[in-house]
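Next up, my_file.txt (compact mmCIF, C-alpha atoms):
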```txt
# COMPACT_ATOMS: atom_id res chain seq x y z
CA MET A 77 5.26 -1.62 10.98
CA LYS A 78 4.81 -0.32 14.48
CA VAL A 79 1.77 -0.85 16.63
CA LYS A 80 -0.44 2.13 17.17
CA SER A 81 0.39 3.96 20.38
CA SER A 82 -1.57 6.67 22.18
CA SER A 83 1.67 8.59 22.62
CA LEU A 84 2.10 8.97 18.85
CA ARG A 85 0.78 12.12 17.22
CA LYS A 86 -2.03 11.77 14.66
CA GLY A 87 -1.93 13.64 11.38
CA TYR A 88 -4.34 14.38 8.57
CA THR A 89 -4.68 13.04 5.05
CA THR A 90 -4.03 14.63 1.69
CA GLY A 91 -7.82 14.67 1.27
CA THR A 92 -8.28 16.73 4.42
CA SER A 93 -5.47 19.03 3.30
CA ALA A 94 -7.14 19.58 -0.08
CA ALA A 95 -10.52 20.27 1.52
CA ALA A 96 -8.99 22.81 3.91
CA ALA A 97 -7.09 24.59 1.14
CA THR A 98 -10.28 24.71 -0.93
CA LYS A 99 -12.32 26.18 1.91
CA ALA A 100 -9.73 28.88 2.64
CA ALA A 101 -9.41 29.79 -1.06
CA LEU A 102 -13.18 30.17 -1.42
CA ILE A 103 -13.37 32.31 1.71
CA ARG A 104 -10.88 34.68 0.09
CA LEU A 105 -12.48 34.53 -3.37
CA LEU A 106 -16.12 34.94 -2.29
CA LEU A 107 -15.92 36.75 1.05
CA GLY A 108 -12.73 38.74 0.59
CA LYS A 109 -11.23 37.45 3.83
CA GLU A 110 -7.79 35.90 4.14
CA VAL A 111 -7.64 33.28 6.90
CA ASN A 112 -4.71 31.46 8.50
CA CYS A 113 -6.74 28.43 9.57
CA VAL A 114 -10.04 26.71 8.73
CA GLU A 115 -12.24 24.05 10.29
CA VAL A 116 -12.88 20.95 8.18
CA ALA A 117 -15.61 18.36 8.78
CA LEU A 118 -14.36 14.76 8.89
CA PRO A 119 -16.18 11.97 7.00
CA LYS A 120 -17.04 9.97 10.13
CA GLY A 121 -17.99 12.94 12.29
CA GLY A 122 -16.06 15.56 14.16
CA LYS A 123 -14.01 18.47 12.88
CA ILE A 124 -10.36 19.40 12.64
CA ILE A 125 -8.65 22.78 12.44
CA ILE A 126 -6.05 23.03 9.66
CA HIS A 127 -3.43 25.77 9.30
CA ILE A 128 -3.19 27.60 5.96
CA GLU A 129 0.40 28.15 4.86
CA TRP A 130 -0.20 30.90 2.31
CA THR A 131 -2.77 32.52 0.03
CA GLN A 132 -2.21 33.86 -3.47
CA VAL A 133 -4.76 36.04 -5.29
CA GLY A 134 -4.78 36.09 -9.07
CA ASN A 135 -7.00 37.38 -11.85
CA GLY A 136 -10.29 35.61 -11.11
CA TYR A 137 -8.78 32.89 -8.96
CA VAL A 138 -7.34 32.25 -5.48
CA THR A 139 -4.82 29.59 -4.49
CA CYS A 140 -4.28 28.43 -0.91
CA SER A 141 -1.71 25.98 0.42
CA VAL A 142 -1.79 23.48 3.28
CA LYS A 143 1.34 21.72 4.47
CA LYS A 144 0.44 18.03 4.77
CA ASP A 145 1.10 16.77 8.29
CA GLY A 146 1.21 12.99 8.64
CA GLY A 147 1.78 13.18 12.39
CA ASP A 148 4.18 10.48 13.56
CA ASP A 149 3.31 8.21 10.63
CA PRO A 150 6.16 7.59 8.11
CA ASP A 151 4.11 8.97 5.22
CA ALA A 152 5.78 9.83 1.90
CA THR A 153 3.53 12.89 1.58
CA HIS A 154 4.42 14.34 4.99
CA GLY A 155 5.46 17.97 4.58
CA ALA A 156 4.19 18.29 1.00
CA GLN A 157 2.35 21.44 -0.04
CA ILE A 158 -1.24 20.62 -1.06
CA LEU A 159 -2.67 23.47 -3.14
CA SER A 160 -6.21 24.30 -4.12
CA THR A 161 -6.96 26.87 -6.82
CA VAL A 162 -10.58 27.99 -7.02
CA SER A 163 -12.45 30.08 -9.58
CA LEU A 164 -16.00 30.63 -10.76
CA ASN A 165 -17.53 29.44 -14.04
CA ASN A 166 -20.91 29.34 -15.73
CA ASN A 167 -21.70 25.65 -15.08
CA VAL A 168 -24.56 26.49 -12.73
CA GLY A 169 -24.75 24.35 -9.61
CA ALA A 170 -21.61 22.32 -10.39
CA ILE A 171 -18.49 21.93 -8.26
CA GLN A 172 -15.90 20.60 -10.68
CA ILE A 173 -12.81 19.05 -9.12
CA ASP A 174 -9.69 18.18 -11.11
CA GLY A 175 -6.02 17.56 -10.55
CA GLY A 176 -3.21 19.89 -11.52
CA GLN A 177 0.56 19.60 -11.25
CA GLY A 178 1.72 16.68 -9.12
CA VAL A 179 -1.64 14.90 -8.90
CA GLY A 180 -1.56 11.59 -10.75
CA ARG A 181 -3.80 10.47 -13.60
CA VAL A 182 -5.46 7.05 -13.73
CA THR A 183 -4.27 4.87 -16.62
CA LYS A 184 -5.40 1.40 -15.47
CA PRO A 185 -8.75 -0.04 -14.41
CA GLY A 186 -9.55 -1.36 -10.96
CA LEU A 187 -9.07 1.85 -8.96
CA GLY A 188 -12.68 2.92 -8.75
CA LEU A 189 -11.95 5.98 -10.91
CA PRO A 190 -12.37 6.47 -14.67
CA ILE A 191 -9.27 6.10 -16.82
CA GLY A 192 -7.91 9.55 -17.49
CA ALA A 193 -9.36 11.03 -14.30
CA ALA A 194 -7.29 12.73 -11.66
CA ALA A 195 -6.38 10.38 -8.80
CA ILE A 196 -8.62 12.12 -6.28
CA ASN A 197 -10.46 9.38 -4.43
CA PRO A 198 -14.21 9.53 -3.69
CA VAL A 199 -14.03 10.46 0.01
CA PRO A 200 -11.59 13.37 -0.53
CA SER A 201 -13.80 14.55 -3.42
CA MET A 202 -16.78 14.47 -1.07
CA MET A 203 -14.83 16.45 1.57
CA ILE A 204 -13.76 19.05 -1.00
CA LYS A 205 -17.34 19.48 -2.24
CA ALA A 206 -18.68 19.75 1.32
CA ALA A 207 -16.10 22.44 2.12
CA ALA A 208 -17.01 24.34 -1.05
CA LEU A 209 -20.75 24.12 -0.38
CA GLU A 210 -20.25 25.45 3.13
CA ILE A 211 -18.80 28.69 1.75
CA ALA A 212 -20.59 29.02 -1.61
CA GLY A 213 -24.14 28.56 -0.36
CA ARG A 214 -26.71 30.02 -2.78
CA LEU A 215 -24.04 31.22 -5.20
CA LEU A 216 -24.39 27.85 -6.91
CA GLU A 217 -27.89 28.85 -8.00
CA THR A 218 -26.30 31.14 -10.57
CA ARG A 219 -22.65 30.06 -10.94
CA GLY A 220 -20.38 27.03 -10.81
CA ILE A 221 -17.09 26.46 -9.02
CA SER A 222 -13.86 25.05 -10.41
CA VAL A 223 -11.39 23.44 -7.98
CA ILE A 224 -7.91 22.37 -9.09
CA ILE A 225 -5.83 20.39 -6.57
CA SER A 226 -2.06 20.49 -7.09
CA VAL A 227 1.03 19.15 -5.33
CA PRO A 228 4.21 20.84 -6.63
CA THR A 229 6.45 17.98 -5.46
CA GLY A 230 3.89 15.27 -6.21
CA GLU A 231 5.63 13.69 -9.19
CA ALA A 232 8.83 13.11 -7.19
CA ILE A 233 6.91 11.83 -4.14
CA ALA A 234 4.95 9.38 -6.30
CA GLN A 235 8.16 7.52 -7.16
CA LYS A 236 8.32 6.46 -3.49
CA THR A 237 4.83 4.98 -3.66
CA ASP A 238 3.03 2.20 -5.55
CA ASN A 239 1.31 4.72 -7.85
CA PRO A 240 3.38 3.98 -11.00
CA ARG A 241 2.70 0.25 -10.64
CA LEU A 242 -1.00 0.86 -10.10
CA GLY A 243 -1.12 2.95 -13.26
CA ILE A 244 -1.39 6.32 -11.53
CA LEU A 245 1.08 8.45 -13.45
CA GLY A 246 2.42 11.95 -13.01
CA GLY A 247 1.94 12.40 -9.32
CA ILE A 248 0.41 11.30 -6.04
CA SER A 249 -3.15 10.32 -5.17
CA ILE A 250 -5.37 12.47 -2.99
CA LEU A 251 -6.43 9.92 -0.41
CA GLY A 252 -8.14 9.33 2.89
CA THR A 253 -11.28 7.60 4.14
CA THR A 254 -11.43 9.06 7.65
CA GLY A 255 -9.54 12.31 7.11
CA ILE A 256 -7.12 11.40 9.89
CA VAL A 257 -3.78 9.57 9.71
CA ILE A 258 -3.33 7.16 12.62
CA PRO A 259 0.42 6.65 13.19
CA TYR A 260 1.79 3.32 12.04
CA SER A 261 -1.67 1.91 11.47
CA THR A 262 -2.11 -1.18 9.33
CA ALA A 263 -5.06 0.40 7.53
CA SER A 264 -3.02 2.03 4.77
CA PHE A 265 -1.02 -1.14 4.08
CA ALA A 266 -4.21 -3.22 4.00
CA ALA A 267 -5.80 -0.74 1.61
CA SER A 268 -2.74 -0.90 -0.63
CA ILE A 269 -2.97 -4.71 -0.82
CA ARG A 270 -6.66 -4.59 -1.69
CA GLN A 271 -6.17 -1.90 -4.32
CA SER A 272 -3.21 -3.69 -5.89
CA LEU A 273 -5.26 -6.90 -6.20
CA ASP A 274 -8.14 -4.98 -7.77
CA VAL A 275 -5.83 -3.47 -10.38
CA ALA A 276 -4.22 -6.84 -11.18
CA LEU A 277 -7.60 -8.48 -11.69
CA ALA A 278 -8.94 -5.57 -13.72
CA MET A 279 -5.92 -5.94 -16.00
CA GLY A 280 -6.96 -9.52 -16.70
CA VAL A 281 -4.29 -11.53 -14.90
CA ASP A 282 -5.17 -14.59 -12.85
CA THR A 283 -1.85 -14.85 -10.97
CA VAL A 284 -0.18 -12.52 -8.49
CA ALA A 285 3.15 -12.71 -6.69
CA LEU A 286 3.00 -11.60 -3.06
CA THR A 287 6.41 -10.61 -1.76
CA THR A 288 7.65 -9.65 1.68
CA GLY A 289 9.51 -6.57 0.41
CA GLY A 290 11.38 -4.85 -2.38
CA ARG A 291 14.34 -7.22 -2.42
CA SER A 292 12.27 -10.38 -2.75
CA GLU A 293 10.23 -8.61 -5.43
CA GLU A 294 13.37 -7.92 -7.45
CA PHE A 295 14.36 -11.58 -7.15
CA VAL A 296 10.90 -12.64 -8.36
CA LYS A 297 11.29 -10.42 -11.42
CA LYS A 298 14.62 -12.05 -12.26
CA LEU A 299 13.32 -15.53 -11.52
CA TYR A 300 10.59 -15.19 -14.10
CA ASN A 301 12.73 -13.36 -16.66
CA ASP A 302 10.60 -10.22 -16.25
CA THR A 303 7.63 -12.02 -17.84
CA LEU A 304 5.41 -11.31 -14.84
CA PRO A 305 3.41 -8.10 -15.43
CA GLU A 306 4.31 -5.23 -13.11
CA HIS A 307 0.76 -5.01 -11.79
CA SER A 308 0.93 -8.67 -10.71
CA LEU A 309 3.74 -7.90 -8.24
CA ILE A 310 2.31 -6.97 -4.85
CA GLN A 311 4.30 -6.24 -1.71
CA MET A 312 2.32 -7.71 1.19
CA GLY A 313 4.95 -6.80 3.79
CA ASP A 314 4.14 -8.58 7.05
CA PHE A 315 0.47 -9.11 6.25
CA VAL A 316 0.47 -12.54 4.67
CA GLY A 317 -2.72 -13.70 6.39
CA TYR A 318 -4.63 -10.63 5.27
CA ALA A 319 -3.22 -10.81 1.75
CA ILE A 320 -4.25 -14.47 1.33
CA MET A 321 -7.70 -13.72 2.74
CA GLN A 322 -8.14 -10.95 0.16
CA CYS A 323 -6.97 -13.29 -2.61
CA ARG A 324 -9.73 -15.69 -1.57
CA ILE A 325 -12.37 -12.96 -1.37
CA LYS A 326 -11.39 -11.57 -4.77
CA LYS A 327 -11.10 -15.08 -6.25
CA VAL A 328 -7.49 -14.83 -7.43
CA LYS A 329 -6.70 -18.15 -9.09
CA ASN A 330 -2.90 -18.46 -8.71
CA VAL A 331 -0.73 -16.96 -5.96
CA VAL A 332 3.04 -17.08 -5.54
CA ILE A 333 4.41 -16.12 -2.12
CA ALA A 334 8.12 -15.30 -2.25
CA GLY A 335 10.44 -14.36 0.58
CA PHE A 336 13.40 -15.29 2.76
CA ILE A 337 13.87 -17.86 5.48
CA GLY A 338 12.92 -15.64 8.43
CA LYS A 339 9.47 -14.55 7.26
CA LEU A 340 8.66 -17.89 5.63
CA THR A 341 9.57 -19.75 8.83
CA LYS A 342 7.22 -17.52 10.80
CA ILE A 343 4.48 -18.34 8.29
CA ALA A 344 5.34 -22.03 8.66
CA MET A 345 4.90 -21.60 12.42
CA GLY A 346 1.39 -20.31 11.80
CA VAL A 347 2.16 -16.61 12.30
CA LYS A 348 -0.06 -14.55 9.99
CA GLN A 349 1.43 -11.13 10.84
CA THR A 350 5.18 -11.49 10.66
CA HIS A 351 6.59 -8.19 11.93
CA VAL A 352 9.81 -8.80 13.83
CA LYS A 353 8.45 -7.08 16.95
CA GLY A 354 5.24 -9.04 16.88
CA SER A 355 6.72 -12.52 16.61
CA HIS A 356 10.00 -14.40 16.87
CA VAL A 357 11.42 -17.35 14.98
CA ASP A 358 11.28 -20.41 17.22
CA MET A 359 14.64 -22.22 17.07
CA GLU A 360 13.10 -25.33 18.56
CA PHE A 361 10.61 -25.36 15.69
CA MET A 362 13.47 -25.05 13.19
CA ALA A 363 15.45 -27.81 14.91
CA ASN A 364 12.44 -30.13 14.79
CA LEU A 365 12.11 -29.52 11.05
CA ALA A 366 15.72 -30.62 10.69
CA SER A 367 14.80 -34.00 12.11
CA ASP A 368 12.56 -34.51 9.07
CA CYS A 369 15.72 -34.29 6.95
CA ASP A 370 17.46 -36.97 9.04
CA CYS A 371 19.83 -34.39 10.50
CA SER A 372 22.10 -35.56 13.26
CA SER A 373 21.46 -34.51 16.84
CA ASP A 374 24.62 -32.40 16.62
CA ILE A 375 23.20 -30.32 13.77
CA GLN A 376 19.88 -30.00 15.56
CA SER A 377 21.74 -28.77 18.62
CA LYS A 378 23.51 -26.14 16.53
CA ILE A 379 20.17 -24.97 15.17
CA LEU A 380 18.75 -24.68 18.68
CA LYS A 381 21.64 -22.37 19.59
CA ALA A 382 21.46 -20.32 16.39
CA ASN A 383 21.01 -16.57 16.68
CA THR A 384 18.71 -16.01 13.71
CA ALA A 385 16.88 -17.82 10.93
CA ARG A 386 19.63 -16.67 8.59
CA HIS A 387 22.14 -18.35 10.90
CA VAL A 388 20.12 -21.57 10.59
CA GLN A 389 20.32 -21.24 6.81
CA GLU A 390 24.10 -20.99 7.06
CA ILE A 391 24.21 -24.13 9.21
CA ILE A 392 22.05 -26.07 6.75
CA ASN A 393 24.17 -24.96 3.80
CA GLU A 394 27.43 -25.67 5.61
CA HIS A 395 26.36 -29.27 6.22
CA ARG A 396 24.78 -29.65 2.77
CA ILE A 397 21.41 -30.72 4.17
CA SER A 398 19.02 -31.42 1.31
CA GLY A 399 15.31 -30.62 1.40
CA TYR A 400 15.24 -28.51 4.57
CA PHE A 401 14.09 -25.30 2.89
CA ASP A 402 11.46 -27.20 0.89
CA ILE A 403 10.04 -28.45 4.20
CA ILE A 404 9.70 -24.88 5.50
CA CYS A 405 7.87 -23.94 2.31
CA ASN A 406 5.65 -27.01 2.68
CA ARG A 407 4.75 -26.05 6.25
CA ALA A 408 4.08 -22.45 5.19
CA HIS A 409 1.80 -23.75 2.45
CA THR A 410 -0.05 -25.92 4.95
CA THR A 411 -0.74 -23.01 7.31
CA LEU A 412 -2.12 -20.82 4.52
CA ILE A 413 -4.11 -23.20 2.34
CA LYS A 414 -7.37 -24.75 3.47
CA ASN A 415 -7.86 -28.51 3.28
CA ASN A 416 -8.49 -29.59 -0.30
CA GLU A 417 -9.05 -25.99 -1.32
CA PRO A 418 -9.76 -26.07 -5.06
CA SER A 419 -10.06 -22.33 -5.65
CA LEU A 420 -6.55 -21.13 -4.78
CA ASN A 421 -3.39 -22.51 -6.38
CA LEU A 422 -0.63 -21.45 -3.98
CA GLN A 423 3.13 -21.67 -4.61
CA ILE A 424 5.72 -20.85 -1.92
CA VAL A 425 9.21 -19.83 -3.07
CA MET A 426 12.18 -19.20 -0.76
CA PHE A 427 15.22 -17.21 -1.87
CA ASP A 428 18.65 -17.17 -0.33
CA PHE A 429 20.16 -13.74 0.19
CA ASP A 430 21.83 -13.80 -3.22
CA GLY A 431 18.53 -14.35 -5.00
CA LYS A 432 18.88 -18.07 -5.68
CA VAL A 433 15.84 -20.27 -5.10
CA CYS A 434 16.72 -22.58 -2.21
CA GLY A 435 13.28 -23.98 -1.46
CA CYS A 436 9.76 -24.20 -2.83
CA TYR A 437 6.44 -26.00 -2.48
CA PRO A 438 4.81 -27.64 -4.33
CA THR A 439 8.14 -28.71 -5.79
CA LYS A 440 6.58 -30.66 -8.66
CA ASN A 441 5.13 -27.45 -10.14
CA TYR A 442 8.26 -25.38 -9.80
CA ASN A 443 10.16 -24.31 -12.87
CA PRO A 444 11.71 -20.84 -13.05
CA PHE A 445 11.14 -20.68 -16.81
CA ILE A 446 7.48 -21.69 -16.80
CA VAL A 447 4.88 -19.30 -15.45
CA TYR A 448 1.21 -19.80 -14.67
CA TRP A 449 -0.05 -16.67 -16.37
CA LYS A 450 -0.41 -15.86 -20.05
```

For the file at hand, write its structure as structure tokens.
Amino acid sequence: MKVKSSSLRKGYTTGTSAAAATKAALIRLLLGKEVNCVEVALPKGGKIIIHIEWTQVGNGYVTCSVKKDGGDDPDATHGAQILSTVSLNNNVGAIQIDGGQGVGRVTKPGLGLPIGAAAINPVPSMMIKAAALEIAGRLLETRGISVIISVPTGEAIAQKTDNPRLGILGGISILGTTGIVIPYSTASFAASIRQSLDVALAMGVDTVALTTGGRSEEFVKKLYNDTLPEHSLIQMGDFVGYAIMQCRIKKVKNVVIAGFIGKLTKIAMGVKQTHVKGSHVDMEFMANLASDCDCSSDIQSKILKANTARHVQEIINEHRISGYFDIICNRAHTTLIKNNEPSLNLQIVMFDFDGKVCGCYPTKNYNPFIVYWK
């Protein structure tokens, strides 16, 4: 994940898009004016002007579309059409917001939304209501307003997100806490980790597996014979320190961290944010670990000259050095767990690149056919 740069272009959230589309649709429905842009108030102050792609007038309703612009952030929803369809009803004073095609439905607890509700988060809902109030004014003294948010391509986009795992089915979520997308920020990844933990705990599990990516996650599934519930699998990416901190805050009882030699070595070195551009594997550190396995000076010299952590793994395997990968896992465990910490049972598992477990700590607890959760 890249570091935020002032040269990168900011975008706006699906929540901002929905609020803008709603405002434009109500302007057409109530004032008879078709606009090509609207100004939307942001939750933390300030305003942003959003372009309206198109307007469609029907029998008693108006639909407007906003093309979601994530700026220079690699957002799965970038370019999606966010639609708002507005109409009047007789529920005096109410602004009813619901999801249509391509907006997911909540099927699991822990998301801060009722089961069965559209996955439109509280801040976007607030923005949509504020936009509607701005245009409707005193109309709400005699009528109500219905707002349906849709994303025609939402169901396909959702397959590229964590929504299915979180129990949000049928489409994307309408998200955003600031209204603005900051390119390559860590905020969205951090929010995903927190939300995933909340869902896991709400589903009653006391163990989660934090993985460094999709490949290590697949290996974890196979390791535990697919007995680990889907909602217990959480991709922490490079944010191991943050993920462990959240596990402590949320009082998760058992945590498995699974990954490959590169990321786990960085953790063993004490690096809590392991992005390749933010830290480098120290070959001297890896060579010193080899001395704990009674490796010869020749092998240690080869490790010092190695190109990558994976290269070190090849050297260790070539010379059939026993226990080296367990030591890395042990060191990683030491950097993450507090002294005599009773509240968090942490297991570190290292895979080789074929999915075989090559190291773990604590080794006495490790058995690929026994799991901690029931």

Spatial neighbours of Gln271 (chain A), 8 Å, only C-alpha atoms, chain gap at least 3 places, as a list of chain:residue names: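 Counting only the stated atoms, we get A:Gly186, A:Leu187, A:Ala267, A:Ser268, A:Asp274, A:Val275.
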
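Closest approach to Ala95 (chain A) from the set A:Glu210, A:Asp368, A:Glu231, A:Asp148 is made by A:Glu210, with distances taken over all atoms listed in the file.
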
Selected residue of minimal separation from Leu277 (chain A) among A:Lys329, A:Lys378, A:Lys236, A:Lys297, counting all atoms listed in the file: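 For Leu277 (chain A), the nearest of the given residues is A:Lys329.
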
Selection near Leu245 (chain A), 8 Å with all atoms listed in the file, sequence-local residues under 6 positions removed, as a list in words: Gly180, Arg181, Val182, Thr183 and Asn239 of chain A

Could you give me, as a tab-separated table, a per-residue list for region 300-386 of chain A showing, wherever an atom lies at most 12 Å from an atom of region 407-429 of chain A, the closest pair of atoms and their distance in Å to one decimal, using only C-alpha atoms and sorting by chain then residue number from low to high?
```
residue	atom	partner	partner_atom	distance
A:Val316	CA	A:Leu412	CA	8.7
A:Gly317	CA	A:Leu412	CA	7.4
A:Tyr318	CA	A:Leu412	CA	10.5
A:Ala319	CA	A:Leu412	CA	10.4
A:Ile320	CA	A:Leu412	CA	7.4
A:Met321	CA	A:Leu412	CA	9.2
A:Gln322	CA	A:Leu420	CA	11.4
A:Cys323	CA	A:Leu420	CA	8.1
A:Arg324	CA	A:Leu420	CA	7.1
A:Ile325	CA	A:Ser419	CA	10.6
A:Lys326	CA	A:Leu420	CA	10.7
A:Lys327	CA	A:Ser419	CA	7.3
A:Val328	CA	A:Leu420	CA	6.9
A:Lys329	CA	A:Leu420	CA	5.2
A:Asn330	CA	A:Asn421	CA	4.7
A:Val331	CA	A:Leu422	CA	4.9
A:Val332	CA	A:Gln423	CA	4.7
A:Ile333	CA	A:Ile424	CA	4.9
A:Ala334	CA	A:Val425	CA	4.7
A:Gly335	CA	A:Met426	CA	5.3
A:Phe336	CA	A:Phe427	CA	5.3
A:Ile337	CA	A:Met426	CA	6.6
A:Gly338	CA	A:Met426	CA	9.9
A:Lys339	CA	A:Met426	CA	9.7
A:Leu340	CA	A:Ala408	CA	6.5
A:Thr341	CA	A:Ala408	CA	7.1
A:Lys342	CA	A:Ala408	CA	8.1
A:Ile343	CA	A:Ala408	CA	5.2
A:Ala344	CA	A:Ala408	CA	3.7
A:Met345	CA	A:Ala408	CA	7.3
A:Gly346	CA	A:Thr411	CA	5.7
A:Val347	CA	A:Thr411	CA	8.6
A:Lys348	CA	A:Leu412	CA	8.6
A:Phe361	CA	A:Arg407	CA	11.1
A:Met362	CA	A:Arg407	CA	11.2
A:Leu365	CA	A:Arg407	CA	9.4
A:Asp368	CA	A:Arg407	CA	11.9
A:Ala385	CA	A:Asp428	CA	11.4
A:Arg386	CA	A:Phe429	CA	8.9
```

Shell around Ala97 (chain A) at 6 Å using only C-alpha atoms, local window under 3 positions removed, as an NGL selection string: :A and (94 or 100 or 140-142 or 160)

For the residues selected in the previous step, produce a file with C-alpha atoms as a JSON list (two decimals), keeping the file's coordinate frame.
```json
[["chain", "number", "residue", "atom", "x", "y", "z"],
["A", 94, "ALA", "CA", -7.14, 19.58, -0.08],
["A", 100, "ALA", "CA", -9.73, 28.88, 2.64],
["A", 140, "CYS", "CA", -4.28, 28.43, -0.91],
["A", 141, "SER", "CA", -1.71, 25.98, 0.42],
["A", 142, "VAL", "CA", -1.79, 23.48, 3.28],
["A", 160, "SER", "CA", -6.21, 24.30, -4.12]]
```

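Going from CA of Gly188 (chain A) over to CA of Val223 (chain A), you cover 20.6 Å.
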
Selected residue, from A:Glu110, A:Asp402, A:Glu217, A:Asp149, that lies nearest to Gln132 (chain A) when counting only C-alpha atoms: A:Glu110

Computed interatomic separation between CA of Leu102 (chain A) and CA of Ile191 (chain A) (Å):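 These atoms are spaced 28.8 Å apart.
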
Contact residues around Ile204 (chain A) with all atoms listed in the file at 9 Å, ignoring same-chain residues under 4 positions, as a list of chain:residue names: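 Contacts, in chain order: A:Gly91, A:Thr92, A:Ala94, A:Ala95, A:Ala96, A:Ala97, A:Thr98, A:Lys99, A:Ile173, A:Val199, A:Pro200, A:Ala208, A:Leu209, A:Val223.
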
Among the residues A:His395, A:Lys143, A:Lys381, A:His307, the one that comes closest to Ile244 (chain A) [using only C-alpha atoms]: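 Answer, going by the shortest atom-to-atom distance: A:His307.
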
Residues within 12 Å of (-5.4, 19.9, 3.7), file coords, only C-alpha atoms, listed as a PyMOL selection string: chain A and resi 87-101+113-118+124-129+140-146+153-160+200+203-204+207+225-227+250-252+255-256

Top pick for closest residue to Gly147 (chain A), considering A:Arg85, A:Arg219, A:Lys298, A:His387 and counting only C-alpha atoms: A:Arg85

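The spacing separating CA of Asn406 (chain A) from CA of Ser272 (chain A) amounts to 26.4 Å.
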
Protein, DNA and RNA residues within 10 Å of (2.2, -11.0, -14.4), only C-alpha atoms, as a count of residues only: 22

A:Ala366, A:Leu215, A:Ile171, A:Ile392 ranked by distance to Met202 (chain A), top pick (using only C-alpha atoms):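 Smallest separation from Met202 (chain A) among the options: A:Ile171.
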
Put the listed atoms of region 425-435 of chain A in a box along x, y and z with 6 Å added on every side and give me the centre and edge lengths in Å to one decimal, as AutoDock Vina command-line options.
```
--center_x 15.5 --center_y -18.9 --center_z -2.7 --size_x 24.6 --size_y 22.2 --size_z 17.9
```
